[in-house]
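Coordinates from structure_28.json are shown below (JSON, C-alpha atoms and all ligand atoms).
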[["chain", "number", "residue", "atom", "x", "y", "z"],
["A", 1, "MET", "CA", 0.00, 0.00, 0.00],
["A", 2, "SER", "CA", 1.36, 3.45, -0.85],
["A", 3, "ASN", "CA", 1.26, 6.32, 1.66],
["A", 4, "ASN", "CA", -1.42, 7.94, -0.51],
["A", 5, "ALA", "CA", -3.75, 5.02, 0.10],
["A", 6, "ARG", "CA", -3.07, 5.11, 3.82],
["A", 7, "ASP", "CA", -5.01, 7.42, 6.13],
["A", 8, "LEU", "CA", -2.12, 8.83, 8.17],
["A", 9, "LEU", "CA", -4.46, 10.93, 10.29],
["A", 10, "ALA", "CA", -6.23, 7.74, 11.38],
["A", 11, "ASP", "CA", -2.84, 6.16, 12.10],
["A", 12, "LEU", "CA", -1.82, 9.20, 14.15],
["A", 13, "ASP", "CA", -5.12, 9.06, 16.10],
["A", 14, "LEU", "CA", -4.50, 5.38, 16.75],
["A", 15, "ALA", "CA", -0.93, 6.07, 17.93],
["A", 16, "LEU", "CA", -2.22, 8.76, 20.30],
["A", 17, "SER", "CA", -4.79, 6.36, 21.74],
["A", 18, "LEU", "CA", -2.05, 3.73, 22.17],
["A", 19, "ALA", "CA", -0.04, 6.36, 24.06],
["A", 20, "ASN", "CA", -3.03, 6.92, 26.40],
["A", 21, "LEU", "CA", -3.09, 3.20, 27.12],
["A", 22, "ALA", "CA", 0.68, 3.13, 27.67],
["A", 23, "ASP", "CA", 0.54, 6.12, 30.06],
["A", 24, "GLU", "CA", -2.10, 4.42, 32.19],
["A", 25, "ILE", "CA", 0.05, 1.31, 32.64],
["A", 26, "SER", "CA", 3.42, 3.02, 33.05],
["A", 27, "LEU", "CA", 2.18, 5.67, 35.51],
["A", 28, "GLN", "CA", 0.49, 3.04, 37.65],
["A", 29, "ARG", "CA", 3.81, 1.17, 38.07],
["A", 30, "TYR", "CA", 6.05, 4.29, 38.31],
["A", 31, "GLN", "CA", 7.71, 4.41, 41.74],
["A", 32, "ALA", "CA", 5.85, 1.22, 42.79],
["A", 33, "LEU", "CA", 7.63, -0.46, 45.69],
["A", 34, "ASP", "CA", 7.08, -3.89, 44.13],
["A", 35, "LEU", "CA", 8.37, -2.93, 40.63],
["A", 36, "VAL", "CA", 10.11, -6.01, 39.18],
["A", 37, "VAL", "CA", 13.50, -5.21, 37.60],
["A", 38, "GLU", "CA", 15.38, -7.85, 35.58],
["A", 39, "THR", "CA", 18.61, -7.74, 33.62],
["A", 40, "LYS", "CA", 18.40, -8.53, 29.90],
["A", 41, "PRO", "CA", 21.07, -10.54, 28.04],
["A", 42, "ASP", "CA", 22.56, -7.22, 26.83],
["A", 43, "ALA", "CA", 23.07, -6.30, 30.53],
["A", 44, "THR", "CA", 20.45, -3.51, 30.45],
["A", 45, "PRO", "CA", 17.49, -3.42, 32.85],
["A", 46, "VAL", "CA", 13.86, -4.13, 32.01],
["A", 47, "THR", "CA", 10.87, -3.72, 34.36],
["A", 48, "ASP", "CA", 7.45, -5.34, 34.45],
["A", 49, "ALA", "CA", 6.12, -1.99, 33.20],
["A", 50, "ASP", "CA", 8.27, -2.08, 30.01],
["A", 51, "LYS", "CA", 6.85, -5.52, 29.20],
["A", 52, "ALA", "CA", 3.25, -4.72, 30.13],
["A", 53, "VAL", "CA", 3.23, -1.54, 28.01],
["A", 54, "GLU", "CA", 4.61, -3.29, 24.93],
["A", 55, "MET", "CA", 2.21, -6.24, 25.32],
["A", 56, "ALA", "CA", -0.79, -3.90, 25.62],
["A", 57, "ILE", "CA", 0.24, -1.92, 22.52],
["A", 58, "ARG", "CA", 0.87, -5.09, 20.53],
["A", 59, "SER", "CA", -2.52, -6.49, 21.47],
["A", 60, "GLN", "CA", -4.35, -3.28, 20.40],
["A", 61, "LEU", "CA", -2.40, -3.09, 17.14],
["A", 62, "ALA", "CA", -3.20, -6.73, 16.33],
["A", 63, "LYS", "CA", -6.89, -5.79, 16.45],
["A", 64, "ALA", "CA", -6.72, -2.33, 14.86],
["A", 65, "ARG", "CA", -4.09, -2.98, 12.15],
["A", 66, "PRO", "CA", -3.91, -6.77, 11.62],
["A", 67, "LEU", "CA", -1.96, -6.42, 8.36],
["A", 68, "ASP", "CA", 0.84, -4.30, 9.83],
["A", 69, "LEU", "CA", 3.98, -5.76, 11.41],
["A", 70, "ILE", "CA", 5.38, -4.79, 14.82],
["A", 71, "VAL", "CA", 8.95, -4.18, 15.96],
["A", 72, "GLY", "CA", 9.29, -3.81, 19.74],
["A", 73, "GLU", "CA", 12.25, -3.55, 22.05],
["A", 74, "GLU", "CA", 11.09, -6.22, 24.48],
["A", 75, "PHE", "CA", 9.30, -8.74, 22.24],
["A", 76, "GLY", "CA", 11.28, -8.72, 19.03],
["A", 77, "THR", "CA", 11.43, -7.99, 15.33],
["A", 78, "PRO", "CA", 9.83, -10.09, 12.54],
["A", 79, "ASP", "CA", 12.26, -11.97, 10.26],
["A", 80, "SER", "CA", 11.28, -9.82, 7.30],
["A", 81, "LEU", "CA", 9.74, -6.34, 7.13],
["A", 82, "ALA", "CA", 9.86, -6.18, 3.33],
["A", 83, "GLY", "CA", 6.97, -4.45, 1.60],
["A", 84, "LYS", "CA", 5.01, -3.81, 4.79],
["A", 85, "PHE", "CA", 4.03, -0.94, 7.05],
["A", 86, "TYR", "CA", 5.38, -1.62, 10.53],
["A", 87, "TRP", "CA", 4.98, -0.08, 13.97],
["A", 88, "VAL", "CA", 8.07, 0.49, 16.07],
["A", 89, "ILE", "CA", 7.60, 0.49, 19.85],
["A", 90, "ASP", "CA", 9.94, 1.46, 22.65],
["A", 91, "PRO", "CA", 7.60, 0.83, 25.58],
["A", 92, "ILE", "CA", 9.71, 2.87, 28.01],
["A", 93, "ASP", "CA", 12.61, 4.94, 26.72],
["A", 94, "GLY", "CA", 14.71, 5.85, 29.74],
["A", 95, "THR", "CA", 14.15, 2.67, 31.76],
["A", 96, "LYS", "CA", 17.06, 3.54, 34.07],
["A", 97, "ASN", "CA", 15.33, 6.84, 34.87],
["A", 98, "TYR", "CA", 11.97, 5.10, 35.29],
["A", 99, "LEU", "CA", 13.25, 2.56, 37.79],
["A", 100, "ARG", "CA", 15.06, 5.18, 39.88],
["A", 101, "GLY", "CA", 12.10, 7.59, 39.96],
["A", 102, "VAL", "CA", 13.55, 10.21, 37.57],
["A", 103, "PRO", "CA", 10.57, 11.51, 35.53],
["A", 104, "THR", "CA", 12.38, 11.74, 32.17],
["A", 105, "TRP", "CA", 11.03, 8.62, 30.44],
["A", 106, "ALA", "CA", 8.56, 8.12, 27.60],
["A", 107, "THR", "CA", 6.73, 5.63, 25.44],
["A", 108, "LEU", "CA", 7.82, 5.94, 21.79],
["A", 109, "ILE", "CA", 5.49, 4.82, 18.99],
["A", 110, "GLY", "CA", 6.45, 5.11, 15.32],
["A", 111, "LEU", "CA", 4.91, 3.91, 12.05],
["A", 112, "VAL", "CA", 7.30, 3.13, 9.19],
["A", 113, "ASP", "CA", 6.21, 2.82, 5.56],
["A", 114, "PRO", "CA", 7.43, 0.10, 3.15],
["A", 115, "LYS", "CA", 10.21, 2.44, 1.92],
["A", 116, "GLY", "CA", 11.58, 2.68, 5.47],
["A", 117, "GLU", "CA", 10.42, 6.24, 6.11],
["A", 118, "VAL", "CA", 8.79, 7.04, 9.44],
["A", 119, "VAL", "CA", 5.37, 8.55, 8.72],
["A", 120, "VAL", "CA", 3.83, 8.82, 12.21],
["A", 121, "GLY", "CA", 5.51, 9.39, 15.57],
["A", 122, "VAL", "CA", 4.27, 9.86, 19.13],
["A", 123, "VAL", "CA", 6.41, 10.43, 22.22],
["A", 124, "SER", "CA", 4.48, 10.38, 25.47],
["A", 125, "ALA", "CA", 6.17, 11.38, 28.75],
["A", 126, "PRO", "CA", 3.35, 11.29, 31.32],
["A", 127, "ALA", "CA", 5.53, 11.89, 34.40],
["A", 128, "LEU", "CA", 6.59, 15.17, 32.75],
["A", 129, "ASN", "CA", 3.00, 15.85, 31.69],
["A", 130, "ARG", "CA", 4.33, 16.20, 28.12],
["A", 131, "ARG", "CA", 3.63, 14.65, 24.73],
["A", 132, "TRP", "CA", 4.96, 15.30, 21.19],
["A", 133, "TRP", "CA", 3.62, 13.97, 17.88],
["A", 134, "ALA", "CA", 3.82, 14.33, 14.09],
["A", 135, "ALA", "CA", 2.76, 12.71, 10.84],
["A", 136, "THR", "CA", 4.19, 13.29, 7.38],
["A", 137, "GLY", "CA", 2.99, 16.60, 5.96],
["A", 138, "MET", "CA", 1.03, 17.53, 9.08],
["A", 139, "GLY", "CA", 3.68, 19.35, 11.13],
["A", 140, "ALA", "CA", 4.73, 18.58, 14.69],
["A", 141, "LYS", "CA", 2.88, 19.39, 17.90],
["A", 142, "THR", "CA", 3.37, 19.21, 21.63],
["A", 143, "GLN", "CA", 1.01, 19.02, 24.55],
["A", 144, "PHE", "CA", 1.78, 20.35, 28.02],
["A", 145, "GLY", "CA", -1.12, 19.64, 30.36],
["A", 146, "SER", "CA", -4.20, 20.60, 28.33],
["A", 147, "SER", "CA", -2.40, 23.11, 26.11],
["A", 148, "ILE", "CA", -1.46, 21.98, 22.57],
["A", 149, "LYS", "CA", 0.80, 23.96, 20.24],
["A", 150, "SER", "CA", 2.75, 23.56, 17.00],
["A", 151, "ILE", "CA", 6.50, 23.34, 17.42],
["A", 152, "HIS", "CA", 9.46, 24.41, 15.29],
["A", 153, "VAL", "CA", 13.22, 24.02, 15.54],
["A", 154, "SER", "CA", 15.46, 26.99, 16.42],
["A", 155, "LYS", "CA", 17.08, 29.45, 14.01],
["A", 156, "VAL", "CA", 20.53, 29.40, 15.65],
["A", 157, "SER", "CA", 23.01, 29.51, 12.77],
["A", 158, "LYS", "CA", 26.49, 29.51, 14.34],
["A", 159, "LEU", "CA", 28.05, 26.50, 16.01],
["A", 160, "GLY", "CA", 29.52, 28.86, 18.59],
["A", 161, "ASP", "CA", 25.99, 29.88, 19.66],
["A", 162, "CYS", "CA", 24.69, 26.33, 19.73],
["A", 163, "SER", "CA", 23.20, 24.45, 22.68],
["A", 164, "LEU", "CA", 23.79, 20.71, 22.39],
["A", 165, "SER", "CA", 22.23, 17.85, 24.33],
["A", 166, "HIS", "CA", 23.45, 14.27, 24.64],
["A", 167, "SER", "CA", 22.93, 11.32, 27.00],
["A", 168, "ASP", "CA", 26.38, 10.40, 28.33],
["A", 169, "LEU", "CA", 29.89, 9.45, 27.20],
["A", 170, "ILE", "CA", 29.05, 5.75, 26.77],
["A", 171, "GLY", "CA", 29.12, 4.21, 23.28],
["A", 172, "TRP", "CA", 31.30, 6.85, 21.57],
["A", 173, "GLY", "CA", 34.20, 4.43, 20.89],
["A", 174, "GLY", "CA", 36.95, 6.14, 18.88],
["A", 175, "LEU", "CA", 34.85, 9.32, 18.56],
["A", 176, "LYS", "CA", 34.84, 10.05, 22.28],
["A", 177, "GLU", "CA", 37.80, 12.49, 22.30],
["A", 178, "LYS", "CA", 36.40, 14.29, 19.26],
["A", 179, "PHE", "CA", 33.01, 14.65, 20.92],
["A", 180, "ILE", "CA", 34.62, 16.03, 24.09],
["A", 181, "ALA", "CA", 36.62, 18.50, 21.95],
["A", 182, "VAL", "CA", 33.39, 19.64, 20.18],
["A", 183, "GLN", "CA", 32.22, 21.02, 23.49],
["A", 184, "ASP", "CA", 34.87, 23.76, 23.34],
["A", 185, "LYS", "CA", 33.45, 24.95, 19.99],
["A", 186, "ILE", "CA", 29.85, 25.45, 21.12],
["A", 187, "TRP", "CA", 27.99, 27.64, 23.59],
["A", 188, "ARG", "CA", 26.47, 25.04, 25.91],
["A", 189, "THR", "CA", 26.27, 21.30, 26.52],
["A", 190, "ARG", "CA", 23.80, 19.46, 28.74],
["A", 191, "GLY", "CA", 23.09, 15.73, 29.11],
["A", 192, "HIS", "CA", 19.29, 15.94, 29.06],
["A", 193, "GLY", "CA", 19.33, 12.38, 27.71],
["A", 194, "ASP", "CA", 17.15, 9.84, 25.91],
["A", 195, "PHE", "CA", 14.11, 11.06, 23.87],
["A", 196, "TRP", "CA", 14.18, 14.38, 25.78],
["A", 197, "SER", "CA", 17.30, 15.68, 23.98],
["A", 198, "HIS", "CA", 15.64, 15.25, 20.58],
["A", 199, "MET", "CA", 12.25, 16.65, 21.60],
["A", 200, "LEU", "CA", 14.04, 19.75, 22.91],
["A", 201, "VAL", "CA", 15.53, 20.12, 19.41],
["A", 202, "ALA", "CA", 12.07, 19.74, 17.84],
["A", 203, "GLU", "CA", 10.65, 22.53, 20.00],
["A", 204, "GLY", "CA", 13.64, 24.83, 19.49],
["A", 205, "ALA", "CA", 14.94, 24.79, 23.08],
["A", 206, "VAL", "CA", 18.17, 23.02, 22.05],
["A", 207, "ASP", "CA", 19.86, 23.16, 18.62],
["A", 208, "ILE", "CA", 21.58, 19.75, 18.29],
["A", 209, "ALA", "CA", 21.06, 16.37, 20.00],
["A", 210, "VAL", "CA", 23.44, 13.47, 19.50],
["A", 211, "GLU", "CA", 23.70, 9.82, 20.56],
["A", 212, "PRO", "CA", 26.38, 7.47, 19.20],
["A", 213, "SER", "CA", 24.74, 4.06, 19.68],
["A", 214, "LEU", "CA", 20.99, 3.47, 19.36],
["A", 215, "SER", "CA", 18.45, 0.98, 18.03],
["A", 216, "LEU", "CA", 15.57, 1.61, 15.63],
["A", 217, "TRP", "CA", 13.00, 1.72, 18.49],
["A", 218, "ASP", "CA", 15.02, 4.47, 20.26],
["A", 219, "MET", "CA", 14.74, 6.70, 17.18],
["A", 220, "ALA", "CA", 11.75, 5.94, 14.90],
["A", 221, "ALA", "CA", 9.20, 8.20, 16.63],
["A", 222, "LEU", "CA", 11.79, 10.96, 17.18],
["A", 223, "ASP", "CA", 12.82, 11.10, 13.50],
["A", 224, "VAL", "CA", 9.47, 12.22, 12.06],
["A", 225, "ILE", "CA", 8.79, 14.66, 14.91],
["A", 226, "VAL", "CA", 12.15, 16.42, 14.41],
["A", 227, "ARG", "CA", 11.71, 16.52, 10.60],
["A", 228, "GLU", "CA", 8.12, 17.78, 10.76],
["A", 229, "ALA", "CA", 9.32, 20.50, 13.16],
["A", 230, "GLY", "CA", 11.69, 21.64, 10.37],
["A", 231, "GLY", "CA", 14.82, 19.85, 11.57],
["A", 232, "SER", "CA", 17.12, 17.12, 10.26],
["A", 233, "PHE", "CA", 17.56, 13.59, 11.60],
["A", 234, "THR", "CA", 20.53, 11.45, 10.52],
["A", 235, "ASN", "CA", 23.05, 9.07, 12.03],
["A", 236, "ILE", "CA", 26.54, 10.29, 12.95],
["A", 237, "THR", "CA", 27.85, 9.70, 9.42],
["A", 238, "GLY", "CA", 25.01, 11.71, 7.85],
["A", 239, "GLU", "CA", 22.71, 8.90, 6.68],
["A", 240, "SER", "CA", 19.08, 10.14, 6.85],
["A", 241, "GLY", "CA", 16.53, 8.43, 9.05],
["A", 242, "PRO", "CA", 16.50, 6.15, 12.11],
["A", 243, "HIS", "CA", 18.09, 3.04, 10.55],
["A", 244, "GLY", "CA", 21.78, 3.93, 10.96],
["A", 245, "GLY", "CA", 22.51, 2.91, 14.58],
["A", 246, "SER", "CA", 23.08, 6.44, 15.95],
["A", 247, "ALA", "CA", 21.32, 9.80, 15.95],
["A", 248, "ILE", "CA", 21.95, 13.45, 15.30],
["A", 249, "SER", "CA", 18.94, 15.69, 15.30],
["A", 250, "SER", "CA", 19.35, 19.37, 14.63],
["A", 251, "ASN", "CA", 17.67, 22.56, 13.52],
["A", 252, "LYS", "CA", 18.88, 21.66, 9.97],
["A", 253, "ILE", "CA", 20.96, 24.86, 9.67],
["A", 254, "LEU", "CA", 23.77, 23.46, 11.84],
["A", 255, "HIS", "CA", 23.59, 19.85, 10.69],
["A", 256, "LYS", "CA", 26.29, 19.79, 8.00],
["A", 257, "GLU", "CA", 28.79, 21.78, 10.03],
["A", 258, "PHE", "CA", 28.29, 19.53, 13.06],
["A", 259, "LEU", "CA", 28.77, 16.38, 10.94],
["A", 260, "GLU", "CA", 32.05, 17.87, 9.62],
["A", 261, "VAL", "CA", 33.30, 18.60, 13.14],
["A", 262, "LEU", "CA", 32.61, 15.00, 14.20],
["A", 263, "LYS", "CA", 34.39, 13.52, 11.16],
["A", 301, "LIG", "C1", 18.20, 3.86, 26.04],
["A", 301, "LIG", "C2", 18.05, 5.31, 25.70],
["A", 301, "LIG", "C3", 19.37, 6.04, 25.83],
["A", 301, "LIG", "C4", 20.49, 5.39, 25.04],
["A", 301, "LIG", "C5", 20.58, 3.91, 25.36],
["A", 301, "LIG", "C6", 19.24, 3.24, 25.16],
["A", 301, "LIG", "P1", 16.11, 2.39, 26.98],
["A", 301, "LIG", "O1", 16.93, 3.23, 25.84],
["A", 301, "LIG", "O2", 17.54, 5.48, 24.40],
["A", 301, "LIG", "O3", 19.23, 7.36, 25.40],
["A", 301, "LIG", "O4", 21.69, 6.04, 25.35],
["A", 301, "LIG", "O5", 21.53, 3.34, 24.48],
["A", 301, "LIG", "O6", 19.35, 1.87, 25.47],
["A", 301, "LIG", "O7", 16.88, 1.13, 27.19],
["A", 301, "LIG", "O8", 16.00, 3.24, 28.19],
["A", 301, "LIG", "O9", 14.84, 2.20, 26.24],
["A", 302, "CA", "CA", 15.16, 3.43, 24.26],
["A", 303, "CA", "CA", 13.10, 0.88, 26.30]]
Show me the file's structure as structure tokens.
Amino acid sequence: MSNNARDLLADLDLALSLANLADEISLQRYQALDLVVETKPDATPVTDADKAVEMAIRSQLAKARPLDLIVGEEFGTPDSLAGKFYWVIDPIDGTKNYLRGVPTWATLIGLVDPKGEVVVGVVSAPALNRRWWAATGMGAKTQFGSSIKSIHVSKVSKLGDCSLSHSDLIGWGGLKEKFIAVQDKIWRTRGHGDFWSHMLVAEGAVDIAVEPSLSLWDMAALDVIVREAGGSFTNITGESGPHGGSAISSNKILHKEFLEVLK
């Protein structure tokens, strides 16, 4: 099915209703004294809330979009995604925050078309009382409490004036020294972390966000929101989209120069 034959507004509405469901489950378990935390084979933590949120979303999608495929962090990726629309779910982005009681965590829901382009994205951060969303051609919006507004990236045009957000110094490999050196060239650096860095770019509060090592579910929803807000989303070698294993989102103006500095 081409994007023209697909009702993206209906898909966005569905994604927003899935985010409501996710918020209900994740908020109920947030700061619970009996939260179950396990360690995954990749040595990262997972809680009962991560699993319950992804299961609930999968079960709703199976009913609402039986022909679509689902990629989820906790319950896997189909052997082949060829020729299909597929939903990409990170049930809780920022699990380490979630399990320690830091409110910066979110459910990320993306819809990818058969060409690999993300066409719908929702990021819901209920402990922050914030949500962001976008669909191709429809712009990007945010909600804070009951107030909804359109968002746009910043107009900062000099690297020296730029505010950059990242997560931490893990996963940079051979680029670590270069990334540390970049910080002398720009105005300000903060480790806001996770989805939050990229949503701050989308709403123009930060100019560049960067993470050196990510999976598709960490990025799919973010990609379309940043692009619909007027920004750029690539990996750290400049490949567009969320399929390249790392992320740079920016206000577009600074993107090329930042890629050069990281080279
Ligand atoms: C993590 C976040 C974080 C990134 C880690 C991811 P999770 O996701 O996206 O920003 O630095 O590599 O694992 O595990 O909290 O969903
Ligand atoms: Ca994640
Ligand atoms: Ca996660």
Find the residues near Leu61 in chain A: any atom within 10 Å, counting only C-alpha atoms, skip ones fewer than 5 places away on the same chain, and give them as an mmCIF file with C-alpha atoms, keeping the file's coordinate frame.
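Result file out-v4.cif:
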data_model
loop_
_atom_site.group_PDB
_atom_site.id
_atom_site.type_symbol
_atom_site.label_atom_id
_atom_site.label_comp_id
_atom_site.auth_asym_id
_atom_site.auth_seq_id
_atom_site.Cartn_x
_atom_site.Cartn_y
_atom_site.Cartn_z
ATOM 1 C CA LEU A 14 -4.500 5.380 16.750
ATOM 2 C CA ALA A 15 -0.930 6.070 17.930
ATOM 3 C CA LEU A 18 -2.050 3.730 22.170
ATOM 4 C CA MET A 55 2.210 -6.240 25.320
ATOM 5 C CA ALA A 56 -0.790 -3.900 25.620
ATOM 6 C CA PRO A 66 -3.910 -6.770 11.620
ATOM 7 C CA LEU A 67 -1.960 -6.420 8.360
ATOM 8 C CA ASP A 68 0.840 -4.300 9.830
ATOM 9 C CA LEU A 69 3.980 -5.760 11.410
ATOM 10 C CA ILE A 70 5.380 -4.790 14.820
ATOM 11 C CA TRP A 87 4.980 -0.080 13.970
#
- Using only C-alpha atoms, the shortest atom-to-atom distance to Ser250 in chain A among A:Ala135, A:Val122, A:Leu214, A:Leu159 belongs to A:Leu159
- Task: Record the distance separating atom C4 of ligand LIG 301 (chain A) and CA of Gly193 in chain A, expressed in Å with one decimal.
- Result: 7.6 Å
- Excluding His152 in chain A and any residue of its chain fewer than 2 positions from it, enumerate the residues within 6 Å of it, using all atoms listed in the file, and give them as a PyMOL selection string. chain A and resi 202-204+229
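Neighbours of ligand CA 303 (chain A) at a cut-off of 7 Å, computed so that only C-alpha atoms and all ligand atoms are counted, are the residues Asp50, Glu73, Asp90, Pro91, Ile92, Asp93, Gly94 and Thr95 of chain A.
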- Find, counting all atoms listed in the file, the residue in A:Ile148, A:Ile170, A:Ala52, A:Leu108 that gets nearest to ligand CA 302 (chain A).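 Ranked by minimum distance to ligand CA 302 (chain A), first place goes to A:Leu108.
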- Message: I'd like the neighbourhood of Gln183 in chain A as a PyMOL selection string, where a residue qualifies if any of its atoms comes within 12 Å (using only C-alpha atoms), though same-chain residues fewer than 5 positions away should be ignored.
- Response: chain A and resi 159-166+176-178+188-191+208+258+261-262
- Item | At most 12 Å from ligand CA 302 (chain A) (only C-alpha atoms and all ligand atoms): residue list as a ChimeraX atom specification | /A:44-46,50,72-74,88-98,104-109,123,167,193-196,211,213-222,246
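One finds CA of Gly244 in chain A at 17.3 Å from CA of Tyr86 in chain A.
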Since the input has fewer atoms than a full residue there, write range 129-137 of chain A out with all heavy atoms, as a PDB file, keeping the file's coordinate frame.
ATOM      1  N   ASN A 129       4.223  15.232  32.183  1.00  0.00           N
ATOM      2  CA  ASN A 129       3.000  15.850  31.690  1.00  0.00           C
ATOM      3  C   ASN A 129       3.190  16.407  30.279  1.00  0.00           C
ATOM      4  O   ASN A 129       2.656  17.466  29.946  1.00  0.00           O
ATOM      5  CB  ASN A 129       2.552  16.957  32.651  1.00  0.00           C
ATOM      6  CG  ASN A 129       1.045  17.091  32.674  1.00  0.00           C
ATOM      7  OD1 ASN A 129       0.348  16.386  31.943  1.00  0.00           O
ATOM      8  ND2 ASN A 129       0.532  17.999  33.484  1.00  0.00           N
ATOM      9  N   ARG A 130       4.009  15.712  29.464  1.00  0.00           N
ATOM     10  CA  ARG A 130       4.330  16.200  28.120  1.00  0.00           C
ATOM     11  C   ARG A 130       4.086  15.107  27.082  1.00  0.00           C
ATOM     12  O   ARG A 130       4.232  13.921  27.355  1.00  0.00           O
ATOM     13  CB  ARG A 130       5.832  16.593  28.034  1.00  0.00           C
ATOM     14  CG  ARG A 130       6.263  17.749  28.857  1.00  0.00           C
ATOM     15  CD  ARG A 130       5.631  19.055  28.433  1.00  0.00           C
ATOM     16  NE  ARG A 130       5.790  19.363  27.020  1.00  0.00           N
ATOM     17  CZ  ARG A 130       6.814  20.034  26.500  1.00  0.00           C
ATOM     18  NH1 ARG A 130       7.797  20.449  27.276  1.00  0.00           N
ATOM     19  NH2 ARG A 130       6.866  20.307  25.211  1.00  0.00           N
ATOM     20  N   ARG A 131       3.761  15.555  25.868  1.00  0.00           N
ATOM     21  CA  ARG A 131       3.630  14.650  24.730  1.00  0.00           C
ATOM     22  C   ARG A 131       4.022  15.412  23.461  1.00  0.00           C
ATOM     23  O   ARG A 131       3.797  16.625  23.380  1.00  0.00           O
ATOM     24  CB  ARG A 131       2.180  14.159  24.638  1.00  0.00           C
ATOM     25  CG  ARG A 131       2.004  12.998  23.704  1.00  0.00           C
ATOM     26  CD  ARG A 131       0.560  12.510  23.706  1.00  0.00           C
ATOM     27  NE  ARG A 131       0.292  11.563  24.772  1.00  0.00           N
ATOM     28  CZ  ARG A 131      -0.819  10.828  24.837  1.00  0.00           C
ATOM     29  NH1 ARG A 131      -1.755  10.959  23.900  1.00  0.00           N
ATOM     30  NH2 ARG A 131      -1.003   9.983  25.817  1.00  0.00           N
ATOM     31  N   TRP A 132       4.597  14.708  22.483  1.00  0.00           N
ATOM     32  CA  TRP A 132       4.960  15.300  21.190  1.00  0.00           C
ATOM     33  C   TRP A 132       4.457  14.347  20.115  1.00  0.00           C
ATOM     34  O   TRP A 132       4.504  13.124  20.305  1.00  0.00           O
ATOM     35  CB  TRP A 132       6.483  15.433  21.030  1.00  0.00           C
ATOM     36  CG  TRP A 132       7.153  16.317  22.022  1.00  0.00           C
ATOM     37  CD1 TRP A 132       7.556  17.603  21.845  1.00  0.00           C
ATOM     38  CD2 TRP A 132       7.553  15.980  23.369  1.00  0.00           C
ATOM     39  NE1 TRP A 132       8.159  18.091  22.978  1.00  0.00           N
ATOM     40  CE2 TRP A 132       8.166  17.119  23.925  1.00  0.00           C
ATOM     41  CE3 TRP A 132       7.442  14.832  24.167  1.00  0.00           C
ATOM     42  CZ2 TRP A 132       8.677  17.135  25.234  1.00  0.00           C
ATOM     43  CZ3 TRP A 132       7.933  14.852  25.464  1.00  0.00           C
ATOM     44  CH2 TRP A 132       8.542  15.989  25.975  1.00  0.00           C
ATOM     45  N   TRP A 133       4.033  14.853  18.959  1.00  0.00           N
ATOM     46  CA  TRP A 133       3.620  13.970  17.880  1.00  0.00           C
ATOM     47  C   TRP A 133       3.736  14.651  16.528  1.00  0.00           C
ATOM     48  O   TRP A 133       3.810  15.886  16.435  1.00  0.00           O
ATOM     49  CB  TRP A 133       2.209  13.433  18.100  1.00  0.00           C
ATOM     50  CG  TRP A 133       1.114  14.462  18.093  1.00  0.00           C
ATOM     51  CD1 TRP A 133       0.434  14.935  17.017  1.00  0.00           C
ATOM     52  CD2 TRP A 133       0.584  15.152  19.255  1.00  0.00           C
ATOM     53  NE1 TRP A 133      -0.494  15.870  17.425  1.00  0.00           N
ATOM     54  CE2 TRP A 133      -0.422  16.019  18.789  1.00  0.00           C
ATOM     55  CE3 TRP A 133       0.858  15.107  20.615  1.00  0.00           C
ATOM     56  CZ2 TRP A 133      -1.148  16.838  19.646  1.00  0.00           C
ATOM     57  CZ3 TRP A 133       0.136  15.926  21.477  1.00  0.00           C
ATOM     58  CH2 TRP A 133      -0.865  16.770  20.976  1.00  0.00           C
ATOM     59  N   ALA A 134       3.744  13.815  15.474  1.00  0.00           N
ATOM     60  CA  ALA A 134       3.820  14.330  14.090  1.00  0.00           C
ATOM     61  C   ALA A 134       3.399  13.222  13.132  1.00  0.00           C
ATOM     62  O   ALA A 134       3.457  12.036  13.462  1.00  0.00           O
ATOM     63  CB  ALA A 134       5.254  14.753  13.764  1.00  0.00           C
ATOM     64  N   ALA A 135       2.966  13.643  11.945  1.00  0.00           N
ATOM     65  CA  ALA A 135       2.760  12.710  10.840  1.00  0.00           C
ATOM     66  C   ALA A 135       3.207  13.435   9.580  1.00  0.00           C
ATOM     67  O   ALA A 135       3.158  14.678   9.521  1.00  0.00           O
ATOM     68  CB  ALA A 135       1.288  12.295  10.736  1.00  0.00           C
ATOM     69  N   THR A 136       3.644  12.691   8.595  1.00  0.00           N
ATOM     70  CA  THR A 136       4.190  13.290   7.380  1.00  0.00           C
ATOM     71  C   THR A 136       3.248  14.328   6.787  1.00  0.00           C
ATOM     72  O   THR A 136       2.060  14.051   6.557  1.00  0.00           O
ATOM     73  CB  THR A 136       4.472  12.184   6.328  1.00  0.00           C
ATOM     74  OG1 THR A 136       5.404  11.280   6.909  1.00  0.00           O
ATOM     75  CG2 THR A 136       5.045  12.762   5.048  1.00  0.00           C
ATOM     76  N   GLY A 137       3.763  15.525   6.583  1.00  0.00           N
ATOM     77  CA  GLY A 137       2.990  16.600   5.960  1.00  0.00           C
ATOM     78  C   GLY A 137       2.045  17.319   6.899  1.00  0.00           C
ATOM     79  O   GLY A 137       1.347  18.242   6.479  1.00  0.00           O
TER      80      GLY A 137
END
